[in-house]
file upload30.cif (mmCIF, N, CA and C atoms and all ligand atoms)
data_entry
loop_
_atom_site.label_atom_id
_atom_site.label_comp_id
_atom_site.auth_asym_id
_atom_site.auth_seq_id
_atom_site.Cartn_x
_atom_site.Cartn_y
_atom_site.Cartn_z
N MET A 1 -15.04 -12.41 17.78
CA MET A 1 -15.04 -12.76 16.35
C MET A 1 -13.79 -13.57 15.98
N SER A 2 -14.01 -14.73 15.43
CA SER A 2 -12.91 -15.59 15.03
C SER A 2 -12.37 -15.16 13.67
N GLU A 3 -11.06 -15.27 13.50
CA GLU A 3 -10.49 -14.99 12.18
C GLU A 3 -9.45 -16.05 11.85
N ARG A 4 -9.02 -16.06 10.59
CA ARG A 4 -8.06 -17.05 10.13
C ARG A 4 -6.79 -16.37 9.62
N THR A 5 -5.66 -17.05 9.81
CA THR A 5 -4.38 -16.53 9.33
C THR A 5 -3.57 -17.65 8.70
N LEU A 6 -2.66 -17.28 7.80
CA LEU A 6 -1.74 -18.26 7.23
C LEU A 6 -0.45 -18.27 8.04
N VAL A 7 -0.08 -19.46 8.48
CA VAL A 7 1.20 -19.65 9.16
C VAL A 7 2.06 -20.57 8.30
N LEU A 8 3.32 -20.20 8.13
CA LEU A 8 4.29 -21.10 7.50
C LEU A 8 5.42 -21.39 8.48
N VAL A 9 5.85 -22.66 8.55
CA VAL A 9 7.16 -22.98 9.11
C VAL A 9 8.07 -23.07 7.89
N LYS A 10 8.99 -22.14 7.79
CA LYS A 10 9.83 -22.01 6.60
C LYS A 10 10.87 -23.14 6.55
N PRO A 11 11.58 -23.27 5.42
CA PRO A 11 12.51 -24.40 5.27
C PRO A 11 13.54 -24.53 6.40
N ASP A 12 13.98 -23.42 6.97
CA ASP A 12 14.95 -23.52 8.08
C ASP A 12 14.32 -24.16 9.31
N GLY A 13 13.07 -23.82 9.57
CA GLY A 13 12.37 -24.39 10.72
C GLY A 13 12.09 -25.88 10.55
N VAL A 14 11.72 -26.27 9.33
CA VAL A 14 11.48 -27.69 9.05
C VAL A 14 12.79 -28.47 9.18
N GLU A 15 13.84 -27.92 8.54
CA GLU A 15 15.16 -28.56 8.56
C GLU A 15 15.68 -28.74 9.99
N ARG A 16 15.42 -27.77 10.83
CA ARG A 16 15.92 -27.81 12.21
C ARG A 16 15.03 -28.59 13.16
N GLY A 17 13.93 -29.13 12.65
CA GLY A 17 13.05 -29.95 13.49
C GLY A 17 12.22 -29.15 14.47
N LEU A 18 11.83 -27.93 14.05
CA LEU A 18 11.07 -27.06 14.95
C LEU A 18 9.56 -27.02 14.64
N VAL A 19 9.11 -27.93 13.78
CA VAL A 19 7.68 -27.94 13.43
C VAL A 19 6.82 -28.20 14.67
N GLY A 20 7.18 -29.22 15.44
CA GLY A 20 6.41 -29.56 16.64
C GLY A 20 6.37 -28.41 17.63
N GLU A 21 7.51 -27.75 17.80
CA GLU A 21 7.60 -26.61 18.71
C GLU A 21 6.66 -25.48 18.29
N VAL A 22 6.65 -25.17 17.00
CA VAL A 22 5.78 -24.09 16.51
C VAL A 22 4.32 -24.48 16.68
N ILE A 23 3.98 -25.71 16.33
CA ILE A 23 2.58 -26.15 16.46
C ILE A 23 2.17 -26.17 17.94
N SER A 24 3.06 -26.60 18.81
CA SER A 24 2.76 -26.58 20.25
C SER A 24 2.43 -25.17 20.73
N ARG A 25 3.22 -24.21 20.30
CA ARG A 25 2.99 -22.83 20.75
C ARG A 25 1.64 -22.31 20.23
N ILE A 26 1.29 -22.67 19.00
CA ILE A 26 -0.01 -22.28 18.43
C ILE A 26 -1.14 -22.90 19.26
N GLU A 27 -1.00 -24.19 19.56
CA GLU A 27 -2.05 -24.88 20.32
C GLU A 27 -2.10 -24.39 21.77
N ASN A 28 -0.93 -24.19 22.36
CA ASN A 28 -0.90 -23.71 23.75
C ASN A 28 -1.55 -22.34 23.90
N LYS A 29 -1.44 -21.53 22.87
CA LYS A 29 -2.05 -20.20 22.89
C LYS A 29 -3.58 -20.31 22.85
N GLY A 30 -4.08 -21.44 22.36
CA GLY A 30 -5.54 -21.63 22.26
C GLY A 30 -6.05 -21.49 20.84
N LEU A 31 -5.12 -21.30 19.90
CA LEU A 31 -5.52 -21.21 18.49
C LEU A 31 -5.74 -22.61 17.94
N LYS A 32 -6.56 -22.71 16.90
CA LYS A 32 -6.91 -24.01 16.32
C LYS A 32 -6.31 -24.17 14.93
N LEU A 33 -5.88 -25.40 14.62
CA LEU A 33 -5.43 -25.72 13.27
C LEU A 33 -6.64 -26.13 12.43
N VAL A 34 -6.82 -25.43 11.33
CA VAL A 34 -7.94 -25.73 10.43
C VAL A 34 -7.45 -26.56 9.24
N ALA A 35 -6.19 -26.34 8.84
CA ALA A 35 -5.58 -27.10 7.74
C ALA A 35 -4.08 -27.11 7.97
N LEU A 36 -3.44 -28.19 7.54
CA LEU A 36 -1.99 -28.35 7.76
C LEU A 36 -1.42 -29.18 6.63
N GLU A 37 -0.32 -28.69 6.03
CA GLU A 37 0.22 -29.38 4.87
C GLU A 37 1.74 -29.20 4.77
N LEU A 38 2.44 -30.29 4.43
CA LEU A 38 3.87 -30.18 4.08
C LEU A 38 3.93 -29.95 2.57
N LYS A 39 4.66 -28.92 2.16
CA LYS A 39 4.57 -28.53 0.75
C LYS A 39 5.91 -28.07 0.20
N ASN A 40 6.23 -28.50 -1.02
CA ASN A 40 7.37 -27.93 -1.74
C ASN A 40 6.87 -26.73 -2.53
N VAL A 41 7.50 -25.60 -2.34
CA VAL A 41 7.02 -24.34 -2.89
C VAL A 41 7.69 -24.09 -4.24
N ASP A 42 6.88 -23.91 -5.29
CA ASP A 42 7.50 -23.57 -6.58
C ASP A 42 7.67 -22.05 -6.69
N ARG A 43 8.43 -21.65 -7.69
CA ARG A 43 8.78 -20.24 -7.84
C ARG A 43 7.55 -19.35 -7.99
N GLU A 44 6.56 -19.85 -8.69
CA GLU A 44 5.35 -19.05 -8.93
C GLU A 44 4.64 -18.73 -7.62
N LEU A 45 4.45 -19.76 -6.79
CA LEU A 45 3.80 -19.54 -5.50
C LEU A 45 4.64 -18.60 -4.62
N ALA A 46 5.95 -18.83 -4.62
CA ALA A 46 6.85 -18.00 -3.80
C ALA A 46 6.75 -16.53 -4.21
N GLU A 47 6.77 -16.27 -5.51
CA GLU A 47 6.72 -14.88 -5.99
C GLU A 47 5.37 -14.23 -5.69
N GLN A 48 4.30 -15.02 -5.78
CA GLN A 48 2.98 -14.47 -5.45
C GLN A 48 2.88 -14.18 -3.96
N HIS A 49 3.37 -15.15 -3.16
CA HIS A 49 3.30 -14.99 -1.71
C HIS A 49 4.03 -13.73 -1.26
N TYR A 50 5.24 -13.52 -1.82
CA TYR A 50 6.07 -12.39 -1.40
C TYR A 50 6.02 -11.22 -2.39
N ALA A 51 4.91 -11.08 -3.14
CA ALA A 51 4.79 -10.04 -4.18
C ALA A 51 5.10 -8.64 -3.65
N GLU A 52 4.70 -8.36 -2.40
CA GLU A 52 4.93 -7.00 -1.86
C GLU A 52 6.41 -6.66 -1.75
N HIS A 53 7.27 -7.68 -1.77
CA HIS A 53 8.71 -7.43 -1.62
C HIS A 53 9.47 -7.45 -2.95
N ASP A 54 8.75 -7.65 -4.06
CA ASP A 54 9.38 -7.68 -5.39
C ASP A 54 10.13 -6.37 -5.60
N GLY A 55 11.38 -6.47 -6.04
CA GLY A 55 12.19 -5.27 -6.28
C GLY A 55 13.10 -4.90 -5.13
N LYS A 56 12.86 -5.46 -3.95
CA LYS A 56 13.75 -5.16 -2.82
C LYS A 56 15.05 -5.96 -2.95
N PRO A 57 16.13 -5.47 -2.33
CA PRO A 57 17.44 -6.12 -2.50
C PRO A 57 17.47 -7.58 -2.06
N PHE A 58 16.62 -7.95 -1.09
CA PHE A 58 16.66 -9.33 -0.59
C PHE A 58 15.67 -10.26 -1.29
N PHE A 59 14.93 -9.73 -2.30
CA PHE A 59 13.84 -10.52 -2.89
C PHE A 59 14.32 -11.84 -3.49
N GLU A 60 15.35 -11.79 -4.34
CA GLU A 60 15.81 -13.00 -5.02
C GLU A 60 16.29 -14.06 -4.02
N SER A 61 17.03 -13.61 -3.05
CA SER A 61 17.53 -14.51 -2.02
C SER A 61 16.38 -15.12 -1.20
N LEU A 62 15.35 -14.31 -0.94
CA LEU A 62 14.17 -14.78 -0.21
C LEU A 62 13.43 -15.87 -1.01
N ILE A 63 13.30 -15.66 -2.32
CA ILE A 63 12.61 -16.63 -3.18
C ILE A 63 13.41 -17.94 -3.23
N GLU A 64 14.72 -17.83 -3.36
CA GLU A 64 15.56 -19.04 -3.38
C GLU A 64 15.45 -19.80 -2.07
N PHE A 65 15.44 -19.05 -0.98
CA PHE A 65 15.34 -19.67 0.35
C PHE A 65 14.02 -20.41 0.53
N ILE A 66 12.92 -19.77 0.19
CA ILE A 66 11.60 -20.35 0.48
C ILE A 66 11.28 -21.53 -0.45
N THR A 67 11.94 -21.56 -1.62
CA THR A 67 11.76 -22.68 -2.55
C THR A 67 12.82 -23.77 -2.34
N GLY A 68 13.70 -23.57 -1.38
CA GLY A 68 14.86 -24.46 -1.21
C GLY A 68 14.62 -25.73 -0.42
N GLY A 69 13.45 -25.89 0.15
CA GLY A 69 13.14 -27.09 0.93
C GLY A 69 11.68 -27.03 1.33
N PRO A 70 11.13 -28.13 1.81
CA PRO A 70 9.71 -28.15 2.15
C PRO A 70 9.37 -27.19 3.29
N VAL A 71 8.15 -26.67 3.23
CA VAL A 71 7.62 -25.83 4.29
C VAL A 71 6.36 -26.49 4.85
N ILE A 72 6.01 -26.12 6.07
CA ILE A 72 4.71 -26.48 6.62
C ILE A 72 3.80 -25.27 6.47
N ALA A 73 2.65 -25.48 5.83
CA ALA A 73 1.66 -24.41 5.71
C ALA A 73 0.47 -24.77 6.58
N ALA A 74 -0.02 -23.79 7.33
CA ALA A 74 -1.17 -24.05 8.19
C ALA A 74 -2.15 -22.89 8.12
N CYS A 75 -3.43 -23.26 8.17
CA CYS A 75 -4.47 -22.26 8.39
C CYS A 75 -4.82 -22.34 9.87
N VAL A 76 -4.66 -21.21 10.54
CA VAL A 76 -4.82 -21.15 11.99
C VAL A 76 -5.99 -20.21 12.31
N GLU A 77 -6.84 -20.65 13.23
CA GLU A 77 -8.08 -19.91 13.50
C GLU A 77 -8.24 -19.60 14.98
N GLY A 78 -8.84 -18.46 15.26
CA GLY A 78 -9.15 -18.10 16.64
C GLY A 78 -9.45 -16.62 16.74
N PRO A 79 -9.86 -16.16 17.91
CA PRO A 79 -10.06 -14.73 18.12
C PRO A 79 -8.74 -13.99 17.91
N LYS A 80 -8.74 -12.97 17.08
CA LYS A 80 -7.53 -12.19 16.80
C LYS A 80 -6.36 -13.08 16.37
N ALA A 81 -6.63 -14.12 15.60
CA ALA A 81 -5.59 -15.08 15.21
C ALA A 81 -4.41 -14.41 14.50
N ILE A 82 -4.68 -13.37 13.71
CA ILE A 82 -3.62 -12.74 12.91
C ILE A 82 -2.59 -12.08 13.83
N SER A 83 -3.06 -11.21 14.73
CA SER A 83 -2.08 -10.57 15.63
C SER A 83 -1.59 -11.53 16.70
N ALA A 84 -2.42 -12.49 17.09
CA ALA A 84 -1.97 -13.47 18.09
C ALA A 84 -0.76 -14.25 17.57
N PHE A 85 -0.81 -14.68 16.30
CA PHE A 85 0.35 -15.42 15.80
C PHE A 85 1.54 -14.50 15.55
N ARG A 86 1.31 -13.27 15.08
CA ARG A 86 2.43 -12.33 14.91
C ARG A 86 3.16 -12.12 16.25
N GLN A 87 2.38 -12.10 17.32
CA GLN A 87 2.99 -11.96 18.65
C GLN A 87 3.79 -13.21 19.02
N LEU A 88 3.24 -14.38 18.73
CA LEU A 88 3.99 -15.63 19.00
C LEU A 88 5.28 -15.65 18.19
N ALA A 89 5.23 -15.17 16.94
CA ALA A 89 6.40 -15.22 16.05
C ALA A 89 7.49 -14.25 16.51
N GLY A 90 7.10 -13.05 16.91
CA GLY A 90 8.08 -12.02 17.25
C GLY A 90 8.44 -11.19 16.02
N GLY A 91 9.20 -10.13 16.23
CA GLY A 91 9.56 -9.21 15.15
C GLY A 91 10.40 -9.89 14.07
N THR A 92 10.44 -9.24 12.90
CA THR A 92 11.07 -9.85 11.72
C THR A 92 12.54 -10.22 11.95
N ASP A 93 13.30 -9.31 12.54
CA ASP A 93 14.72 -9.61 12.82
C ASP A 93 14.83 -10.32 14.17
N PRO A 94 15.28 -11.57 14.17
CA PRO A 94 15.24 -12.39 15.39
C PRO A 94 16.05 -11.83 16.55
N VAL A 95 17.09 -11.05 16.26
CA VAL A 95 17.92 -10.50 17.33
C VAL A 95 17.53 -9.06 17.66
N GLU A 96 17.36 -8.24 16.62
CA GLU A 96 17.11 -6.82 16.84
C GLU A 96 15.67 -6.53 17.25
N LYS A 97 14.71 -7.36 16.77
CA LYS A 97 13.31 -7.01 16.97
C LYS A 97 12.50 -8.04 17.76
N ALA A 98 12.85 -9.32 17.65
CA ALA A 98 12.01 -10.33 18.29
C ALA A 98 12.37 -10.47 19.77
N ALA A 99 11.36 -10.41 20.61
CA ALA A 99 11.61 -10.52 22.05
C ALA A 99 11.89 -11.98 22.43
N PRO A 100 12.72 -12.17 23.46
CA PRO A 100 12.88 -13.52 24.01
C PRO A 100 11.50 -14.03 24.42
N GLY A 101 11.27 -15.31 24.23
CA GLY A 101 9.95 -15.87 24.51
C GLY A 101 9.12 -16.02 23.25
N SER A 102 9.48 -15.28 22.20
CA SER A 102 8.82 -15.47 20.91
C SER A 102 9.57 -16.55 20.13
N ILE A 103 8.93 -17.07 19.08
CA ILE A 103 9.58 -18.14 18.29
C ILE A 103 10.89 -17.64 17.68
N ARG A 104 10.82 -16.48 17.02
CA ARG A 104 12.04 -15.95 16.39
C ARG A 104 13.06 -15.52 17.45
N GLY A 105 12.58 -14.97 18.55
CA GLY A 105 13.47 -14.53 19.62
C GLY A 105 14.17 -15.69 20.30
N ASP A 106 13.50 -16.81 20.38
CA ASP A 106 14.08 -17.97 21.06
C ASP A 106 14.97 -18.82 20.14
N TYR A 107 14.64 -18.85 18.84
CA TYR A 107 15.32 -19.82 17.95
C TYR A 107 16.08 -19.22 16.78
N GLY A 108 15.93 -17.90 16.54
CA GLY A 108 16.51 -17.33 15.33
C GLY A 108 17.70 -16.42 15.58
N LEU A 109 18.51 -16.25 14.55
CA LEU A 109 19.65 -15.32 14.60
C LEU A 109 19.66 -14.33 13.44
N GLU A 110 19.32 -14.82 12.24
CA GLU A 110 19.45 -14.00 11.04
C GLU A 110 18.09 -13.72 10.43
N VAL A 111 17.94 -12.53 9.86
CA VAL A 111 16.62 -12.10 9.41
C VAL A 111 16.03 -13.03 8.34
N GLN A 112 16.87 -13.50 7.41
CA GLN A 112 16.31 -14.40 6.37
C GLN A 112 15.88 -15.73 6.98
N TYR A 113 16.58 -16.16 7.98
CA TYR A 113 16.29 -17.47 8.60
C TYR A 113 15.49 -17.26 9.87
N ASN A 114 14.30 -16.66 9.70
CA ASN A 114 13.51 -16.33 10.88
C ASN A 114 12.35 -17.29 11.12
N LEU A 115 12.45 -18.46 10.50
CA LEU A 115 11.68 -19.66 10.89
C LEU A 115 10.21 -19.72 10.52
N VAL A 116 9.49 -18.63 10.69
CA VAL A 116 8.04 -18.69 10.49
C VAL A 116 7.54 -17.47 9.72
N HIS A 117 6.39 -17.66 9.10
CA HIS A 117 5.65 -16.56 8.49
C HIS A 117 4.26 -16.51 9.10
N GLY A 118 3.74 -15.32 9.30
CA GLY A 118 2.34 -15.15 9.67
C GLY A 118 1.77 -13.95 8.93
N SER A 119 0.56 -14.09 8.41
CA SER A 119 -0.09 -12.97 7.70
C SER A 119 -0.11 -11.74 8.59
N ASP A 120 0.01 -10.54 7.97
CA ASP A 120 0.15 -9.32 8.78
C ASP A 120 -1.12 -8.47 8.87
N SER A 121 -2.19 -8.86 8.17
CA SER A 121 -3.44 -8.09 8.21
C SER A 121 -4.57 -8.99 7.70
N GLU A 122 -5.80 -8.54 7.86
CA GLU A 122 -6.94 -9.31 7.34
C GLU A 122 -6.84 -9.48 5.83
N GLU A 123 -6.43 -8.39 5.15
CA GLU A 123 -6.32 -8.43 3.69
C GLU A 123 -5.25 -9.45 3.27
N SER A 124 -4.09 -9.42 3.94
CA SER A 124 -3.02 -10.38 3.62
C SER A 124 -3.47 -11.80 3.91
N ALA A 125 -4.15 -12.00 5.02
CA ALA A 125 -4.58 -13.34 5.40
C ALA A 125 -5.52 -13.91 4.35
N THR A 126 -6.48 -13.11 3.91
CA THR A 126 -7.43 -13.57 2.89
C THR A 126 -6.70 -13.92 1.60
N ARG A 127 -5.80 -13.02 1.19
CA ARG A 127 -5.05 -13.23 -0.06
C ARG A 127 -4.16 -14.47 0.04
N GLU A 128 -3.43 -14.59 1.14
CA GLU A 128 -2.47 -15.69 1.29
C GLU A 128 -3.17 -17.04 1.47
N LEU A 129 -4.27 -17.06 2.22
CA LEU A 129 -4.98 -18.33 2.41
C LEU A 129 -5.54 -18.83 1.08
N LYS A 130 -5.97 -17.92 0.22
CA LYS A 130 -6.47 -18.30 -1.11
C LYS A 130 -5.35 -18.92 -1.95
N LEU A 131 -4.13 -18.35 -1.80
CA LEU A 131 -2.97 -18.86 -2.54
C LEU A 131 -2.56 -20.26 -2.08
N TRP A 132 -2.50 -20.44 -0.77
CA TRP A 132 -1.93 -21.67 -0.19
C TRP A 132 -2.98 -22.76 -0.02
N PHE A 133 -4.22 -22.37 0.25
CA PHE A 133 -5.30 -23.34 0.46
C PHE A 133 -6.52 -22.95 -0.38
N PRO A 134 -6.39 -23.12 -1.71
CA PRO A 134 -7.47 -22.67 -2.59
C PRO A 134 -8.79 -23.42 -2.36
N ASN A 135 -8.70 -24.60 -1.77
CA ASN A 135 -9.93 -25.40 -1.59
C ASN A 135 -10.55 -25.27 -0.20
N LEU A 136 -9.98 -24.42 0.62
CA LEU A 136 -10.47 -24.32 2.00
C LEU A 136 -11.76 -23.49 2.05
P1 LIG A 201 7.63 -10.62 8.26
O1 LIG A 201 8.01 -12.01 7.84
O2 LIG A 201 7.94 -10.36 9.71
O3 LIG A 201 6.21 -10.27 7.89
P2 LIG A 201 8.46 -8.94 6.03
O4 LIG A 201 7.13 -9.20 5.42
O5 LIG A 201 8.90 -7.52 6.15
O6 LIG A 201 8.59 -9.60 7.48
O7 LIG A 201 9.59 -9.69 5.18
C1 LIG A 201 9.34 -10.98 4.67
C2 LIG A 201 10.58 -11.82 4.88
O8 LIG A 201 11.65 -11.30 4.10
C3 LIG A 201 11.10 -11.82 6.31
O9 LIG A 201 10.44 -12.78 7.11
C4 LIG A 201 12.55 -12.14 6.11
C5 LIG A 201 12.88 -11.47 4.79
N1 LIG A 201 13.46 -10.14 5.02
C6 LIG A 201 12.81 -9.03 5.45
N2 LIG A 201 13.66 -7.99 5.56
C7 LIG A 201 14.87 -8.45 5.16
C8 LIG A 201 16.17 -7.89 5.05
N3 LIG A 201 16.41 -6.60 5.34
N4 LIG A 201 17.18 -8.68 4.63
C9 LIG A 201 16.98 -9.99 4.33
N5 LIG A 201 15.78 -10.59 4.41
C10 LIG A 201 14.74 -9.84 4.83
MG MG A 202 5.35 -10.02 6.04
#

call {"tool": "encode", "arguments": {"input": "upload30.cif", "output": "structure tokens"}}
result
Amino acid sequence: MSERTLVLVKPDGVERGLVGEVISRIENKGLKLVALELKNVDRELAEQHYAEHDGKPFFESLIEFITGGPVIAACVEGPKAISAFRQLAGGTDPVEKAAPGSIRGDYGLEVQYNLVHGSDSEESATRELKLWFPNL
């Protein structure tokens, strides 16, 4: 069964020129790109995207970060696409949690600057894809 997930290359990844690297890893895994867009994120989209984190100590800083420069948004499809991309990304903290060989493990140091986002469940993927790609 094929499923779809939302992938973002966050502003740090775009700024550092890691878009091609992330897309290569997605394609090398065998996942397919269904939609791809460079986008400036406004505060409303950022707050909706990260609604589950509203009220946490890092929320304001996270919103400023994600609205601070363009991101790449992609709809990625394949068997188990949601967990497949979470595995490619690695754990949230690039040093403490992400294994070497993962995107965050190979390229990240700080939790806020962890380069990529991937939906964490079917419910999140459906909700996030509607937010980022309303016409898909
Ligand atoms: P993930 O992106 O792995 O799904 P998450 O949903 O728990 O992680 O958090 C969303 C983002 O918020 C995460 O990619 C980076 C930031 N973040 C999470 N925990 C943080 C913390 N303790 N301090 C600063 N930023 C944090
Ligand atoms: Mg998350």

call {"tool": "residues_near_ligand", "arguments": {"input": "upload30.cif", "ligand": "ligand LIG 201 (chain A)", "cutoff": "8 Å", "atoms": "only N, CA and C atoms and all ligand atoms", "output": "list in words"}}
result
Tyr50, Glu52, His53, Pro57, Phe58, Phe59, Ser61, Leu62, Ile63, Arg86, Ala89, Gly90, Gly91, Thr92, Asp93, Glu110, Val111, Gln112, Tyr113, Asn114, Leu115, Val116, His117, Gly118, Ser119 and Asp120 of chain A

call {"tool": "write_last_selection", "arguments": {"input": "upload30.cif", "atoms": "N, CA and C atoms", "output": "PDB file, keeping the file's coordinate frame"}}
result
ATOM      1  N   TYR A  50       5.240 -13.520  -1.820  1.00  0.00           N
ATOM      2  CA  TYR A  50       6.070 -12.390  -1.400  1.00  0.00           C
ATOM      3  C   TYR A  50       6.020 -11.220  -2.390  1.00  0.00           C
ATOM      4  N   GLU A  52       4.700  -8.360  -2.400  1.00  0.00           N
ATOM      5  CA  GLU A  52       4.930  -7.000  -1.860  1.00  0.00           C
ATOM      6  C   GLU A  52       6.410  -6.660  -1.750  1.00  0.00           C
ATOM      7  N   HIS A  53       7.270  -7.680  -1.770  1.00  0.00           N
ATOM      8  CA  HIS A  53       8.710  -7.430  -1.620  1.00  0.00           C
ATOM      9  C   HIS A  53       9.470  -7.450  -2.950  1.00  0.00           C
ATOM     10  N   PRO A  57      16.130  -5.470  -2.330  1.00  0.00           N
ATOM     11  CA  PRO A  57      17.440  -6.120  -2.500  1.00  0.00           C
ATOM     12  C   PRO A  57      17.470  -7.580  -2.060  1.00  0.00           C
ATOM     13  N   PHE A  58      16.620  -7.950  -1.090  1.00  0.00           N
ATOM     14  CA  PHE A  58      16.660  -9.330  -0.590  1.00  0.00           C
ATOM     15  C   PHE A  58      15.670 -10.260  -1.290  1.00  0.00           C
ATOM     16  N   PHE A  59      14.930  -9.730  -2.300  1.00  0.00           N
ATOM     17  CA  PHE A  59      13.840 -10.520  -2.890  1.00  0.00           C
ATOM     18  C   PHE A  59      14.320 -11.840  -3.490  1.00  0.00           C
ATOM     19  N   SER A  61      17.030 -13.610  -3.050  1.00  0.00           N
ATOM     20  CA  SER A  61      17.530 -14.510  -2.020  1.00  0.00           C
ATOM     21  C   SER A  61      16.380 -15.120  -1.200  1.00  0.00           C
ATOM     22  N   LEU A  62      15.350 -14.310  -0.940  1.00  0.00           N
ATOM     23  CA  LEU A  62      14.170 -14.780  -0.210  1.00  0.00           C
ATOM     24  C   LEU A  62      13.430 -15.870  -1.010  1.00  0.00           C
ATOM     25  N   ILE A  63      13.300 -15.660  -2.320  1.00  0.00           N
ATOM     26  CA  ILE A  63      12.610 -16.630  -3.180  1.00  0.00           C
ATOM     27  C   ILE A  63      13.410 -17.940  -3.230  1.00  0.00           C
ATOM     28  N   ARG A  86       1.310 -13.270  15.080  1.00  0.00           N
ATOM     29  CA  ARG A  86       2.430 -12.330  14.910  1.00  0.00           C
ATOM     30  C   ARG A  86       3.160 -12.120  16.250  1.00  0.00           C
ATOM     31  N   ALA A  89       5.230 -15.170  16.940  1.00  0.00           N
ATOM     32  CA  ALA A  89       6.400 -15.220  16.050  1.00  0.00           C
ATOM     33  C   ALA A  89       7.490 -14.250  16.510  1.00  0.00           C
ATOM     34  N   GLY A  90       7.100 -13.050  16.910  1.00  0.00           N
ATOM     35  CA  GLY A  90       8.080 -12.020  17.250  1.00  0.00           C
ATOM     36  C   GLY A  90       8.440 -11.190  16.020  1.00  0.00           C
ATOM     37  N   GLY A  91       9.200 -10.130  16.230  1.00  0.00           N
ATOM     38  CA  GLY A  91       9.560  -9.210  15.150  1.00  0.00           C
ATOM     39  C   GLY A  91      10.400  -9.890  14.070  1.00  0.00           C
ATOM     40  N   THR A  92      10.440  -9.240  12.900  1.00  0.00           N
ATOM     41  CA  THR A  92      11.070  -9.850  11.720  1.00  0.00           C
ATOM     42  C   THR A  92      12.540 -10.220  11.950  1.00  0.00           C
ATOM     43  N   ASP A  93      13.300  -9.310  12.540  1.00  0.00           N
ATOM     44  CA  ASP A  93      14.720  -9.610  12.820  1.00  0.00           C
ATOM     45  C   ASP A  93      14.830 -10.320  14.170  1.00  0.00           C
ATOM     46  N   GLU A 110      19.320 -14.820  12.240  1.00  0.00           N
ATOM     47  CA  GLU A 110      19.450 -14.000  11.040  1.00  0.00           C
ATOM     48  C   GLU A 110      18.090 -13.720  10.430  1.00  0.00           C
ATOM     49  N   VAL A 111      17.940 -12.530   9.860  1.00  0.00           N
ATOM     50  CA  VAL A 111      16.620 -12.100   9.410  1.00  0.00           C
ATOM     51  C   VAL A 111      16.030 -13.030   8.340  1.00  0.00           C
ATOM     52  N   GLN A 112      16.870 -13.500   7.410  1.00  0.00           N
ATOM     53  CA  GLN A 112      16.310 -14.400   6.370  1.00  0.00           C
ATOM     54  C   GLN A 112      15.880 -15.730   6.980  1.00  0.00           C
ATOM     55  N   TYR A 113      16.580 -16.160   7.980  1.00  0.00           N
ATOM     56  CA  TYR A 113      16.290 -17.470   8.600  1.00  0.00           C
ATOM     57  C   TYR A 113      15.490 -17.260   9.870  1.00  0.00           C
ATOM     58  N   ASN A 114      14.300 -16.660   9.700  1.00  0.00           N
ATOM     59  CA  ASN A 114      13.510 -16.330  10.880  1.00  0.00           C
ATOM     60  C   ASN A 114      12.350 -17.290  11.120  1.00  0.00           C
ATOM     61  N   LEU A 115      12.450 -18.460  10.500  1.00  0.00           N
ATOM     62  CA  LEU A 115      11.680 -19.660  10.890  1.00  0.00           C
ATOM     63  C   LEU A 115      10.210 -19.720  10.520  1.00  0.00           C
ATOM     64  N   VAL A 116       9.490 -18.630  10.690  1.00  0.00           N
ATOM     65  CA  VAL A 116       8.040 -18.690  10.490  1.00  0.00           C
ATOM     66  C   VAL A 116       7.540 -17.470   9.720  1.00  0.00           C
ATOM     67  N   HIS A 117       6.390 -17.660   9.100  1.00  0.00           N
ATOM     68  CA  HIS A 117       5.650 -16.560   8.490  1.00  0.00           C
ATOM     69  C   HIS A 117       4.260 -16.510   9.100  1.00  0.00           C
ATOM     70  N   GLY A 118       3.740 -15.320   9.300  1.00  0.00           N
ATOM     71  CA  GLY A 118       2.340 -15.150   9.670  1.00  0.00           C
ATOM     72  C   GLY A 118       1.770 -13.950   8.930  1.00  0.00           C
ATOM     73  N   SER A 119       0.560 -14.090   8.410  1.00  0.00           N
ATOM     74  CA  SER A 119      -0.090 -12.970   7.700  1.00  0.00           C
ATOM     75  C   SER A 119      -0.110 -11.740   8.590  1.00  0.00           C
ATOM     76  N   ASP A 120       0.010 -10.540   7.970  1.00  0.00           N
ATOM     77  CA  ASP A 120       0.150  -9.320   8.780  1.00  0.00           C
ATOM     78  C   ASP A 120      -1.120  -8.470   8.870  1.00  0.00           C
TER      79      ASP A 120
END

call {"tool": "closest_residue", "arguments": {"input": "upload30.cif", "among": "A:Pro134, A:Gln87, A:Val95, A:Ser121", "to": "ligand MG 202 (chain A)", "atoms": "only C-alpha atoms and all ligand atoms"}}
result
A:Ser121

call {"tool": "atom_distance", "arguments": {"input": "upload30.cif", "atom1": "CA of Glu77 (chain A)", "atom2": "CA of Pro11 (chain A)"}}
result
22.6 Å

call {"tool": "residues_around", "arguments": {"input": "upload30.cif", "residues": "region 71-76 of chain A", "least_positions_apart": "6", "cutoff": "6.5 Å", "atoms": "only N, CA and C atoms", "output": "count of residues only"}}
result
21

call {"tool": "select_by_dssp", "arguments": {"input": "upload30.cif", "residues": "chain A", "states": "strand (DSSP E or B)", "output": "VMD selection string"}}
result
chain A and resid 2 to 9 32 to 39 71 to 79 100 102 116 to 118

call {"tool": "atom_distance", "arguments": {"input": "upload30.cif", "atom1": "CA of Ile26 (chain A)", "atom2": "CA of Leu129 (chain A)"}}
result
17.2 Å

call {"tool": "closest_residue", "arguments": {"input": "upload30.cif", "among": "A:Val19, A:Pro94, A:His49, A:Gly105", "to": "Arg127 (chain A)", "atoms": "all atoms listed in the file"}}
result
A:His49

call {"tool": "atom_distance", "arguments": {"input": "upload30.cif", "atom1": "atom N of Ile66 (chain A)", "atom2": "atom N of Phe133 (chain A)"}}
result
17.3 Å

call {"tool": "axis_aligned_box", "arguments": {"input": "upload30.cif", "around": "region 114-117 of chain A", "padding_each_side": "8 Å", "output": "lines of an AutoDock Vina configuration file"}}
result
center_x = 9.3
center_y = -18.0
center_z = 9.8
size_x = 26.0
size_y = 19.4
size_z = 18.6

call {"tool": "closest_residue", "arguments": {"input": "upload30.cif", "among": "A:Glu123, A:Lys130, A:Leu88, A:Ala98", "to": "Ile23 (chain A)", "atoms": "only C-alpha atoms"}}
result
A:Leu88
